[in-house]
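Data from data24.cif: mmCIF, C-alpha atoms and all ligand atoms; chains and numbers go by the auth columns
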```
data_final
#
loop_
_atom_site.group_PDB
_atom_site.id
_atom_site.type_symbol
_atom_site.label_atom_id
_atom_site.label_comp_id
_atom_site.label_asym_id
_atom_site.label_seq_id
_atom_site.Cartn_x
_atom_site.Cartn_y
_atom_site.Cartn_z
_atom_site.B_iso_or_equiv
_atom_site.auth_seq_id
_atom_site.auth_asym_id
ATOM 1 C CA MET A 1 -34.061 7.599 -3.664 0.00 24 D
ATOM 2 C CA LYS A 2 -33.314 10.822 -1.756 0.00 25 D
ATOM 3 C CA ARG A 3 -32.941 10.364 2.004 0.00 26 D
ATOM 4 C CA GLY A 4 -32.707 12.697 4.977 0.00 27 D
ATOM 5 C CA PRO A 5 -29.246 13.110 6.526 0.00 28 D
ATOM 6 C CA PHE A 6 -28.140 10.279 8.781 0.00 29 D
ATOM 7 C CA ILE A 7 -24.977 11.508 10.508 0.00 30 D
ATOM 8 C CA ALA A 8 -22.692 9.219 12.520 0.00 31 D
ATOM 9 C CA VAL A 9 -19.826 10.353 14.726 0.00 32 D
ATOM 10 C CA GLU A 10 -17.123 7.694 14.882 0.00 33 D
ATOM 11 C CA GLY A 11 -13.651 7.136 16.280 0.00 34 D
ATOM 12 C CA PRO A 12 -11.881 4.985 18.847 0.00 35 D
ATOM 13 C CA ILE A 13 -12.759 4.775 22.557 0.00 36 D
ATOM 14 C CA GLY A 14 -12.645 8.206 24.211 0.00 37 D
ATOM 15 C CA ALA A 15 -12.200 10.171 20.963 0.00 38 D
ATOM 16 C CA GLY A 16 -15.145 12.420 21.819 0.00 39 D
ATOM 17 C CA LYS A 17 -17.981 10.847 19.790 0.00 40 D
ATOM 18 C CA THR A 18 -20.758 11.227 22.355 0.00 41 D
ATOM 19 C CA THR A 19 -19.566 14.728 23.255 0.00 42 D
ATOM 20 C CA LEU A 20 -19.487 15.960 19.654 0.00 43 D
ATOM 21 C CA ALA A 21 -22.727 14.206 18.660 0.00 44 D
ATOM 22 C CA SER A 22 -24.519 15.785 21.654 0.00 45 D
ATOM 23 C CA MET A 23 -23.149 19.254 20.887 0.00 46 D
ATOM 24 C CA LEU A 24 -24.182 18.994 17.239 0.00 47 D
ATOM 25 C CA SER A 25 -27.592 17.658 18.173 0.00 48 D
ATOM 26 C CA THR A 26 -28.207 20.750 20.309 0.00 49 D
ATOM 27 C CA GLU A 27 -26.682 23.213 17.860 0.00 50 D
ATOM 28 C CA LEU A 28 -28.449 21.868 14.768 0.00 51 D
ATOM 29 C CA ASN A 29 -31.611 20.745 16.540 0.00 52 D
ATOM 30 C CA ILE A 30 -31.312 17.188 15.261 0.00 53 D
ATOM 31 C CA PRO A 31 -32.391 14.217 17.449 0.00 54 D
ATOM 32 C CA ILE A 32 -29.573 12.103 18.808 0.00 55 D
ATOM 33 C CA LEU A 33 -29.237 8.339 18.984 0.00 56 D
ATOM 34 C CA LYS A 34 -26.787 7.242 21.710 0.00 57 D
ATOM 35 C CA GLU A 35 -25.337 3.827 22.284 0.00 58 D
ATOM 36 C CA ILE A 36 -26.020 1.990 25.539 0.00 59 D
ATOM 37 C CA VAL A 37 -22.892 1.670 27.684 0.00 60 D
ATOM 38 C CA GLU A 38 -23.546 1.784 31.429 0.00 61 D
ATOM 39 C CA GLU A 39 -26.256 -0.918 31.294 0.00 62 D
ATOM 40 C CA ASN A 40 -24.001 -3.334 29.432 0.00 63 D
ATOM 41 C CA PRO A 41 -23.617 -6.406 31.709 0.00 64 D
ATOM 42 C CA PHE A 42 -20.487 -7.726 29.980 0.00 65 D
ATOM 43 C CA LEU A 43 -18.115 -4.751 29.677 0.00 66 D
ATOM 44 C CA ASP A 44 -16.550 -5.093 33.120 0.00 67 D
ATOM 45 C CA LYS A 45 -15.998 -8.841 32.680 0.00 68 D
ATOM 46 C CA PHE A 46 -14.745 -8.283 29.128 0.00 69 D
ATOM 47 C CA TYR A 47 -11.958 -5.936 30.212 0.00 70 D
ATOM 48 C CA GLN A 48 -10.916 -8.443 32.894 0.00 71 D
ATOM 49 C CA ASN A 49 -10.700 -11.315 30.395 0.00 72 D
ATOM 50 C CA ILE A 50 -11.184 -10.428 26.736 0.00 73 D
ATOM 51 C CA ASP A 51 -10.869 -13.970 25.339 0.00 74 D
ATOM 52 C CA GLU A 52 -13.444 -15.341 27.756 0.00 75 D
ATOM 53 C CA TRP A 53 -16.119 -12.672 27.261 0.00 76 D
ATOM 54 C CA SER A 54 -15.644 -11.236 23.767 0.00 77 D
ATOM 55 C CA PHE A 55 -18.345 -13.263 21.989 0.00 78 D
ATOM 56 C CA GLN A 56 -21.038 -12.410 24.556 0.00 79 D
ATOM 57 C CA LEU A 57 -20.034 -8.752 24.535 0.00 80 D
ATOM 58 C CA GLU A 58 -19.882 -8.363 20.755 0.00 81 D
ATOM 59 C CA MET A 59 -23.256 -10.110 20.368 0.00 82 D
ATOM 60 C CA PHE A 60 -24.783 -7.885 23.032 0.00 83 D
ATOM 61 C CA PHE A 61 -23.596 -4.728 21.238 0.00 84 D
ATOM 62 C CA LEU A 62 -24.733 -6.080 17.893 0.00 85 D
ATOM 63 C CA CYS A 63 -28.254 -6.959 19.075 0.00 86 D
ATOM 64 C CA ASN A 64 -28.647 -3.654 20.869 0.00 87 D
ATOM 65 C CA ARG A 65 -27.542 -1.581 17.918 0.00 88 D
ATOM 66 C CA TYR A 66 -29.648 -3.677 15.549 0.00 89 D
ATOM 67 C CA LYS A 67 -32.755 -2.887 17.589 0.00 90 D
ATOM 68 C CA GLN A 68 -31.831 0.804 17.869 0.00 91 D
ATOM 69 C CA LEU A 69 -31.306 1.098 14.135 0.00 92 D
ATOM 70 C CA GLU A 70 -34.546 -0.683 13.316 0.00 93 D
ATOM 71 C CA ASP A 71 -36.362 1.864 15.496 0.00 94 D
ATOM 72 C CA THR A 72 -34.379 4.748 14.019 0.00 95 D
ATOM 73 C CA ASP A 73 -35.298 3.656 10.533 0.00 96 D
ATOM 74 C CA LEU A 74 -39.002 3.683 11.364 0.00 97 D
ATOM 75 C CA GLN A 75 -38.939 6.913 13.352 0.00 98 D
ATOM 76 C CA TYR A 76 -36.590 9.030 11.264 0.00 99 D
ATOM 77 C CA ILE A 77 -34.903 7.656 8.185 0.00 100 D
ATOM 78 C CA ALA A 78 -37.938 6.153 6.445 0.00 101 D
ATOM 79 C CA GLN A 79 -39.701 9.458 7.109 0.00 102 D
ATOM 80 C CA ASP A 80 -36.829 11.480 5.687 0.00 103 D
ATOM 81 C CA LYS A 81 -36.091 13.112 9.072 0.00 104 D
ATOM 82 C CA PRO A 82 -32.470 13.894 10.035 0.00 105 D
ATOM 83 C CA VAL A 83 -30.805 12.043 12.901 0.00 106 D
ATOM 84 C CA ILE A 84 -27.336 12.006 14.451 0.00 107 D
ATOM 85 C CA SER A 85 -25.784 8.968 16.102 0.00 108 D
ATOM 86 C CA ASP A 86 -22.661 8.555 18.269 0.00 109 D
ATOM 87 C CA TYR A 87 -21.763 5.349 16.412 0.00 110 D
ATOM 88 C CA HIS A 88 -21.867 3.618 13.047 0.00 111 D
ATOM 89 C CA ILE A 89 -23.047 -0.012 12.972 0.00 112 D
ATOM 90 C CA TYR A 90 -19.754 -0.893 11.244 0.00 113 D
ATOM 91 C CA LYS A 91 -18.110 -0.319 14.638 0.00 114 D
ATOM 92 C CA ASN A 92 -19.311 -3.798 15.626 0.00 115 D
ATOM 93 C CA LEU A 93 -17.174 -5.407 12.973 0.00 116 D
ATOM 94 C CA ILE A 94 -14.145 -3.217 13.744 0.00 117 D
ATOM 95 C CA PHE A 95 -14.151 -4.402 17.355 0.00 118 D
ATOM 96 C CA ALA A 96 -15.174 -7.998 16.662 0.00 119 D
ATOM 97 C CA GLU A 97 -12.415 -8.519 14.107 0.00 120 D
ATOM 98 C CA ARG A 98 -9.977 -7.480 16.835 0.00 121 D
ATOM 99 C CA THR A 99 -11.467 -9.337 19.818 0.00 122 D
ATOM 100 C CA LEU A 100 -12.780 -12.610 18.319 0.00 123 D
ATOM 101 C CA LYS A 101 -10.783 -15.517 17.019 0.00 124 D
ATOM 102 C CA GLY A 102 -11.319 -18.632 14.874 0.00 125 D
ATOM 103 C CA ILE A 103 -14.789 -20.112 14.516 0.00 126 D
ATOM 104 C CA LYS A 104 -16.419 -17.485 16.756 0.00 127 D
ATOM 105 C CA ARG A 105 -15.120 -14.694 14.540 0.00 128 D
ATOM 106 C CA GLU A 106 -16.440 -16.521 11.469 0.00 129 D
ATOM 107 C CA LYS A 107 -19.876 -17.068 13.058 0.00 130 D
ATOM 108 C CA TYR A 108 -19.988 -13.442 14.180 0.00 131 D
ATOM 109 C CA ARG A 109 -19.159 -12.152 10.676 0.00 132 D
ATOM 110 C CA GLN A 110 -22.047 -14.143 9.211 0.00 133 D
ATOM 111 C CA ILE A 111 -24.514 -12.932 11.855 0.00 134 D
ATOM 112 C CA TYR A 112 -23.275 -9.346 11.451 0.00 135 D
ATOM 113 C CA HIS A 113 -23.957 -9.402 7.710 0.00 136 D
ATOM 114 C CA ILE A 114 -27.335 -11.139 8.058 0.00 137 D
ATOM 115 C CA LEU A 115 -28.484 -8.541 10.570 0.00 138 D
ATOM 116 C CA THR A 116 -27.000 -5.365 9.147 0.00 139 D
ATOM 117 C CA ASP A 117 -26.668 -5.599 5.361 0.00 140 D
ATOM 118 C CA ASP A 118 -30.165 -4.234 4.728 0.00 141 D
ATOM 119 C CA LEU A 119 -30.120 -1.601 7.486 0.00 142 D
ATOM 120 C CA PRO A 120 -29.899 2.073 6.556 0.00 143 D
ATOM 121 C CA LYS A 121 -26.322 3.346 6.838 0.00 144 D
ATOM 122 C CA PRO A 122 -25.189 6.878 7.690 0.00 145 D
ATOM 123 C CA ASN A 123 -24.538 9.081 4.672 0.00 146 D
ATOM 124 C CA ILE A 124 -22.202 11.409 6.622 0.00 147 D
ATOM 125 C CA ILE A 125 -19.502 10.190 9.016 0.00 148 D
ATOM 126 C CA LEU A 126 -17.537 12.558 11.248 0.00 149 D
ATOM 127 C CA TYR A 127 -14.442 10.496 11.962 0.00 150 D
ATOM 128 C CA ILE A 128 -12.545 11.705 15.036 0.00 151 D
ATOM 129 C CA ARG A 129 -8.971 10.455 14.935 0.00 152 D
ATOM 130 C CA ALA A 130 -6.835 10.888 18.032 0.00 153 D
ATOM 131 C CA ASN A 131 -3.494 9.630 19.269 0.00 154 D
ATOM 132 C CA LEU A 132 -3.011 7.200 22.137 0.00 155 D
ATOM 133 C CA ASP A 133 -2.085 9.845 24.736 0.00 156 D
ATOM 134 C CA THR A 134 -5.218 11.852 23.980 0.00 157 D
ATOM 135 C CA LEU A 135 -7.437 8.769 24.229 0.00 158 D
ATOM 136 C CA LEU A 136 -5.874 7.572 27.487 0.00 159 D
ATOM 137 C CA TYR A 137 -6.274 11.043 28.973 0.00 160 D
ATOM 138 C CA ARG A 138 -9.920 11.336 27.935 0.00 161 D
ATOM 139 C CA ILE A 139 -10.790 7.810 29.091 0.00 162 D
ATOM 140 C CA SER A 140 -9.335 8.559 32.531 0.00 163 D
ATOM 141 C CA LYS A 141 -11.141 11.933 32.577 0.00 164 D
ATOM 142 C CA ARG A 142 -14.429 10.126 31.878 0.00 165 D
ATOM 143 C CA GLY A 143 -13.713 7.984 34.945 0.00 166 D
ATOM 144 C CA ARG A 144 -15.567 4.717 34.223 0.00 167 D
ATOM 145 C CA ASP A 145 -14.150 2.134 36.646 0.00 168 D
ATOM 146 C CA PHE A 146 -14.199 -0.759 34.178 0.00 169 D
ATOM 147 C CA GLU A 147 -12.177 1.252 31.629 0.00 170 D
ATOM 148 C CA GLU A 148 -9.237 1.610 34.023 0.00 171 D
ATOM 149 C CA GLN A 149 -8.288 -1.908 32.905 0.00 172 D
ATOM 150 C CA ILE A 150 -7.987 -0.990 29.211 0.00 173 D
ATOM 151 C CA ASP A 151 -4.605 -2.097 27.904 0.00 174 D
ATOM 152 C CA PRO A 152 -2.909 0.758 25.953 0.00 175 D
ATOM 153 C CA ALA A 153 -1.785 -1.831 23.369 0.00 176 D
ATOM 154 C CA TYR A 154 -5.459 -2.750 22.719 0.00 177 D
ATOM 155 C CA LEU A 155 -6.294 0.923 22.307 0.00 178 D
ATOM 156 C CA GLN A 156 -3.388 1.474 19.920 0.00 179 D
ATOM 157 C CA GLN A 157 -4.578 -1.484 17.824 0.00 180 D
ATOM 158 C CA LEU A 158 -8.063 0.009 17.710 0.00 181 D
ATOM 159 C CA ILE A 159 -6.663 3.352 16.508 0.00 182 D
ATOM 160 C CA GLU A 160 -5.054 1.512 13.597 0.00 183 D
ATOM 161 C CA ASP A 161 -8.113 -0.706 12.997 0.00 184 D
ATOM 162 C CA TYR A 162 -10.298 2.397 12.755 0.00 185 D
ATOM 163 C CA ASP A 163 -8.001 3.965 10.149 0.00 186 D
ATOM 164 C CA THR A 164 -8.037 0.783 8.074 0.00 187 D
ATOM 165 C CA ALA A 165 -11.812 0.422 8.427 0.00 188 D
ATOM 166 C CA MET A 166 -12.534 4.021 7.393 0.00 189 D
ATOM 167 C CA THR A 167 -10.298 3.680 4.325 0.00 190 D
ATOM 168 C CA SER A 168 -12.102 0.486 3.367 0.00 191 D
ATOM 169 C CA LEU A 169 -15.535 2.035 3.936 0.00 192 D
ATOM 170 C CA ALA A 170 -14.594 5.027 1.747 0.00 193 D
ATOM 171 C CA GLU A 171 -13.667 2.628 -1.071 0.00 194 D
ATOM 172 C CA ARG A 172 -16.805 0.509 -0.752 0.00 195 D
ATOM 173 C CA GLU A 173 -19.212 3.410 -0.308 0.00 196 D
ATOM 174 C CA PRO A 174 -17.895 6.360 -2.314 0.00 197 D
ATOM 175 C CA ALA A 175 -21.195 8.246 -1.835 0.00 198 D
ATOM 176 C CA THR A 176 -20.701 8.364 1.942 0.00 199 D
ATOM 177 C CA VAL A 177 -19.095 11.640 3.031 0.00 200 D
ATOM 178 C CA ILE A 178 -16.341 11.052 5.591 0.00 201 D
ATOM 179 C CA VAL A 179 -15.147 14.170 7.430 0.00 202 D
ATOM 180 C CA PRO A 180 -11.896 13.501 9.312 0.00 203 D
ATOM 181 C CA ILE A 181 -11.376 15.498 12.520 0.00 204 D
ATOM 182 C CA ASN A 182 -8.021 15.532 14.261 0.00 205 D
ATOM 183 C CA GLY A 183 -9.213 15.071 17.844 0.00 206 D
ATOM 184 C CA SER A 184 -5.742 15.557 19.290 0.00 207 D
ATOM 185 C CA GLU A 185 -5.452 19.022 17.764 0.00 208 D
ATOM 186 C CA VAL A 186 -8.992 20.275 17.277 0.00 209 D
ATOM 187 C CA ASP A 187 -10.632 20.799 20.644 0.00 210 D
ATOM 188 C CA PHE A 188 -14.344 21.401 20.110 0.00 211 D
ATOM 189 C CA VAL A 189 -14.979 21.364 23.888 0.00 212 D
ATOM 190 C CA GLU A 190 -12.551 24.048 25.061 0.00 213 D
ATOM 191 C CA HIS A 191 -12.612 26.192 21.903 0.00 214 D
ATOM 192 C CA PRO A 192 -16.088 27.283 20.779 0.00 215 D
ATOM 193 C CA GLU A 193 -14.745 28.643 17.493 0.00 216 D
ATOM 194 C CA GLN A 194 -13.405 25.181 16.604 0.00 217 D
ATOM 195 C CA PHE A 195 -16.802 23.652 17.349 0.00 218 D
ATOM 196 C CA ALA A 196 -18.477 26.389 15.273 0.00 219 D
ATOM 197 C CA ARG A 197 -16.306 25.422 12.273 0.00 220 D
ATOM 198 C CA ILE A 198 -17.366 21.765 12.525 0.00 221 D
ATOM 199 C CA ALA A 199 -21.032 22.715 12.959 0.00 222 D
ATOM 200 C CA ALA A 200 -20.855 25.018 9.908 0.00 223 D
ATOM 201 C CA GLN A 201 -19.312 22.235 7.842 0.00 224 D
ATOM 202 C CA VAL A 202 -22.086 19.817 8.845 0.00 225 D
ATOM 203 C CA LYS A 203 -24.786 22.435 8.139 0.00 226 D
ATOM 204 C CA GLU A 204 -23.405 22.910 4.662 0.00 227 D
ATOM 205 C CA LEU A 205 -23.403 19.166 4.041 0.00 228 D
ATOM 206 C CA ILE A 206 -27.025 18.688 5.064 0.00 229 D
ATOM 207 C CA GLN A 207 -28.518 21.697 3.299 0.00 230 D
HETATM 208 N N1 LIG B . -12.350 17.777 22.425 0.00 301 R
HETATM 209 C C1 LIG B . -12.326 17.454 23.717 0.00 301 R
HETATM 210 N N2 LIG B . -11.568 18.167 24.578 0.00 301 R
HETATM 211 C C2 LIG B . -11.530 17.861 25.876 0.00 301 R
HETATM 212 N N3 LIG B . -12.229 16.843 26.443 0.00 301 R
HETATM 213 C C3 LIG B . -12.994 16.113 25.641 0.00 301 R
HETATM 214 C C4 LIG B . -13.090 16.370 24.238 0.00 301 R
HETATM 215 N N4 LIG B . -13.920 15.461 23.695 0.00 301 R
HETATM 216 C C5 LIG B . -14.332 14.662 24.699 0.00 301 R
HETATM 217 N N5 LIG B . -13.788 15.074 25.865 0.00 301 R
HETATM 218 C C6 LIG B . -13.980 14.416 27.175 0.00 301 R
HETATM 219 O O1 LIG B . -13.355 13.128 27.036 0.00 301 R
HETATM 220 C C7 LIG B . -14.160 12.118 27.630 0.00 301 R
HETATM 221 C C8 LIG B . -14.562 11.094 26.560 0.00 301 R
HETATM 222 O O2 LIG B . -15.449 11.696 25.634 0.00 301 R
HETATM 223 P P1 LIG B . -16.673 10.902 25.000 0.00 301 R
HETATM 224 O O3 LIG B . -17.457 11.875 24.197 0.00 301 R
HETATM 225 O O4 LIG B . -17.378 10.117 26.044 0.00 301 R
HETATM 226 O O5 LIG B . -15.867 9.905 24.012 0.00 301 R
HETATM 227 P P2 LIG B . -16.399 8.674 23.137 0.00 301 R
HETATM 228 O O6 LIG B . -17.894 8.796 23.029 0.00 301 R
HETATM 229 O O7 LIG B . -15.719 8.821 21.812 0.00 301 R
HETATM 230 O O8 LIG B . -15.946 7.443 23.836 0.00 301 R
HETATM 231 C C9 LIG B . -15.350 12.830 28.280 0.00 301 R
HETATM 232 O O9 LIG B . -15.022 13.061 29.633 0.00 301 R
HETATM 233 C C10 LIG B . -15.429 14.151 27.511 0.00 301 R
HETATM 234 O O10 LIG B . -15.961 15.179 28.325 0.00 301 R
HETATM 235 N N1 LIG B . -15.502 -4.936 22.315 0.00 302 R
HETATM 236 C C1 LIG B . -16.326 -3.896 22.061 0.00 302 R
HETATM 237 N N2 LIG B . -16.298 -2.841 22.894 0.00 302 R
HETATM 238 C C2 LIG B . -17.105 -1.816 22.585 0.00 302 R
HETATM 239 C C3 LIG B . -17.954 -1.808 21.472 0.00 302 R
HETATM 240 N N3 LIG B . -18.612 -0.643 21.462 0.00 302 R
HETATM 241 C C4 LIG B . -18.218 0.032 22.509 0.00 302 R
HETATM 242 N N4 LIG B . -17.308 -0.661 23.221 0.00 302 R
HETATM 243 C C5 LIG B . -16.713 -0.289 24.499 0.00 302 R
HETATM 244 C C6 LIG B . -15.586 0.660 24.429 0.00 302 R
HETATM 245 C C7 LIG B . -15.776 1.506 25.656 0.00 302 R
HETATM 246 O O1 LIG B . -15.202 0.892 26.786 0.00 302 R
HETATM 247 C C8 LIG B . -17.287 1.530 25.861 0.00 302 R
HETATM 248 C C9 LIG B . -17.975 2.736 25.283 0.00 302 R
HETATM 249 O O2 LIG B . -17.592 2.923 23.916 0.00 302 R
HETATM 250 P P1 LIG B . -17.193 4.370 23.343 0.00 302 R
HETATM 251 O O3 LIG B . -16.609 4.112 21.993 0.00 302 R
HETATM 252 O O4 LIG B . -18.470 5.126 23.297 0.00 302 R
HETATM 253 O O5 LIG B . -16.211 4.943 24.286 0.00 302 R
HETATM 254 O O6 LIG B . -17.741 0.358 25.243 0.00 302 R
HETATM 255 C C10 LIG B . -17.976 -2.935 20.625 0.00 302 R
HETATM 256 O O7 LIG B . -18.722 -3.035 19.624 0.00 302 R
HETATM 257 N N5 LIG B . -17.156 -3.965 20.970 0.00 302 R
#
```
Is it possible to give me this structure as structure tokens?
Amino acid sequence: MKRGPFIAVEGPIGAGKTTLASMLSTELNIPILKEIVEENPFLDKFYQNIDEWSFQLEMFFLCNRYKQLEDTDLQYIAQDKPVISDYHIYKNLIFAERTLKGIKREKYRQIYHILTDDLPKPNIILYIRANLDTLLYRISKRGRDFEEQIDPAYLQQLIEDYDTAMTSLAEREPATVIVPINGSEVDFVEHPEQFARIAAQVKELIQ
């Protein structure tokens, strides 16, 4: 069955997902779906003690995104309308596999699959890769207090987890178009011509 474009912008913390998704939404006149961050009651506690708070945090993100995607399906995807999101639901598993251990990880995996296996998935992913220095710089530029506690080693692991996850997704879903963007070299904020190239590429994909 033919479906309207469902575009996700992905990449590790601070890569520029929300920024790029918002710019594309404006440029291409496509509604944007943004994840909820500031209202999350567990993030601050999580960064203070990951082992203690990871299950609550991962479940909170999962339930929130589940609800958002259910709504998005009704409003846009089932009606063949395009939509752009600053995350892919698969992000839940990327983080949870890193932050959860033992029986909690196993329980989470099962709940993740029960909730998400039948949800619509993006057919285009813009994957922003960036090195650790770039991410640390952008996270500090964004200036969220609770993110000052992020351990660079955790961030480096996430960079690698994202690469592994995107390779695995490409193998499992060959029909999904994954567009890699080198976020440490391509600067779509400071250089309008670099943004224009990305926007043109996306336009071509959705025509
Ligand atoms: N290409 C870029 N060049 C310079 N600054 C950027 C770029 N992309 C994002 N930023 C800035 O970096 C910070 C993190 O970007 P954001 O879009 O919130 O990342 P993410 O959604 O991936 O966590 C923000 O302050 C944003 O303005
Ligand atoms: N442990 C998890 N943390 C997550 C998840 N999704 C987002 N986050 C964190 C990372 C950032 O501190 C903040 C915003 O995310 P961005 O990627 O938009 O920077 O929330 C998750 O699923 N698990």
_Using only C-alpha atoms and all ligand atoms, which residues have at least one atom no more than 6 Å from ligand LIG 302 (chain R)? Output them as a list in words._
Pro35, Ile36, Gly37, Val60, Glu81, Phe84, Lys114, Asn115, Phe118 and Glu170 of chain D
Edge lengths and centre in Å to one decimal, as JSON, is what I'm after for the box along x, y and z that holds all listed atoms of range 100-117 of chain D once 3 Å is added on each side.
```
{"center_x": -26.9, "center_y": 4.2, "center_z": 12.0, "size_x": 31.6, "size_y": 25.3, "size_z": 18.6}
```
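Shortest atom-to-atom contact with Ile151 in chain D among D:Ile182, D:Val200, D:Ile73, D:Cys86: D:Ile182, counting all atoms listed in the file.
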*List all protein, DNA and RNA residues that have an atom no more than 7 Å from any atom of ligand LIG 301 (chain R), counting only C-alpha atoms and all ligand atoms, and report them as a PyMOL selection string.*
chain D and resi 34-43+109+161-162+164-165+206+209-213
*asked:* Once the PyMOL selection byres (((chain D and resi 54) around 12) and not hetatm) is applied to the coordinates I shared, what remains selected? I want it as a VMD selection string.
replied: chain D and resid 28 to 31 44 to 53 55 to 57 95 98 to 100 104 to 109
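Distances to Pro197 in chain D were evaluated for D:Lys124, D:Glu216, D:Ile147, D:Gly27 using all atoms listed in the file, and the minimum falls at D:Ile147.
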_Polymer residues at most 10 Å from Glu208 in chain D, only C-alpha atoms, same-chain spacing of 6 or more positions, as a PyMOL selection string_ = chain D and resi 152-154+157
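Of note, CA of Thr199 in chain D and CA of Asn146 in chain D are spaced 4.8 Å apart.
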*May I have the residues at most 8 Å from (-17.3, -12.5, 21.6) in the file's coordinates, counting all atoms listed in the file, as a list in words?*
Asp74, Glu75, Trp76, Ser77, Phe78, Gln79, Leu80, Glu81, Met82, Ala119, Thr122, Leu123, Lys127, Arg128 and Tyr131 of chain D
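Closest approach to Asp184 in chain D among D:Glu171, D:Gly166, D:Tyr89, D:Ile117: D:Ile117, based on all atoms listed in the file.
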*Which of these residues is nearest to Ala193 in chain D, using all atoms listed in the file: D:Ile173, D:Val32, D:Ile148, D:Leu97?*
D:Ile148
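The smallest atom-to-atom distance between Glu129 in chain D and any of D:Leu159, D:Gln102, D:Leu116, D:Phe83, using only C-alpha atoms, is found for D:Leu116.
Nearest-residue note for Lys90 in chain D: choosing from D:Asn205, D:Leu228, D:Pro215, D:Ile112, the minimum distance belongs to D:Ile112, counting only C-alpha atoms.
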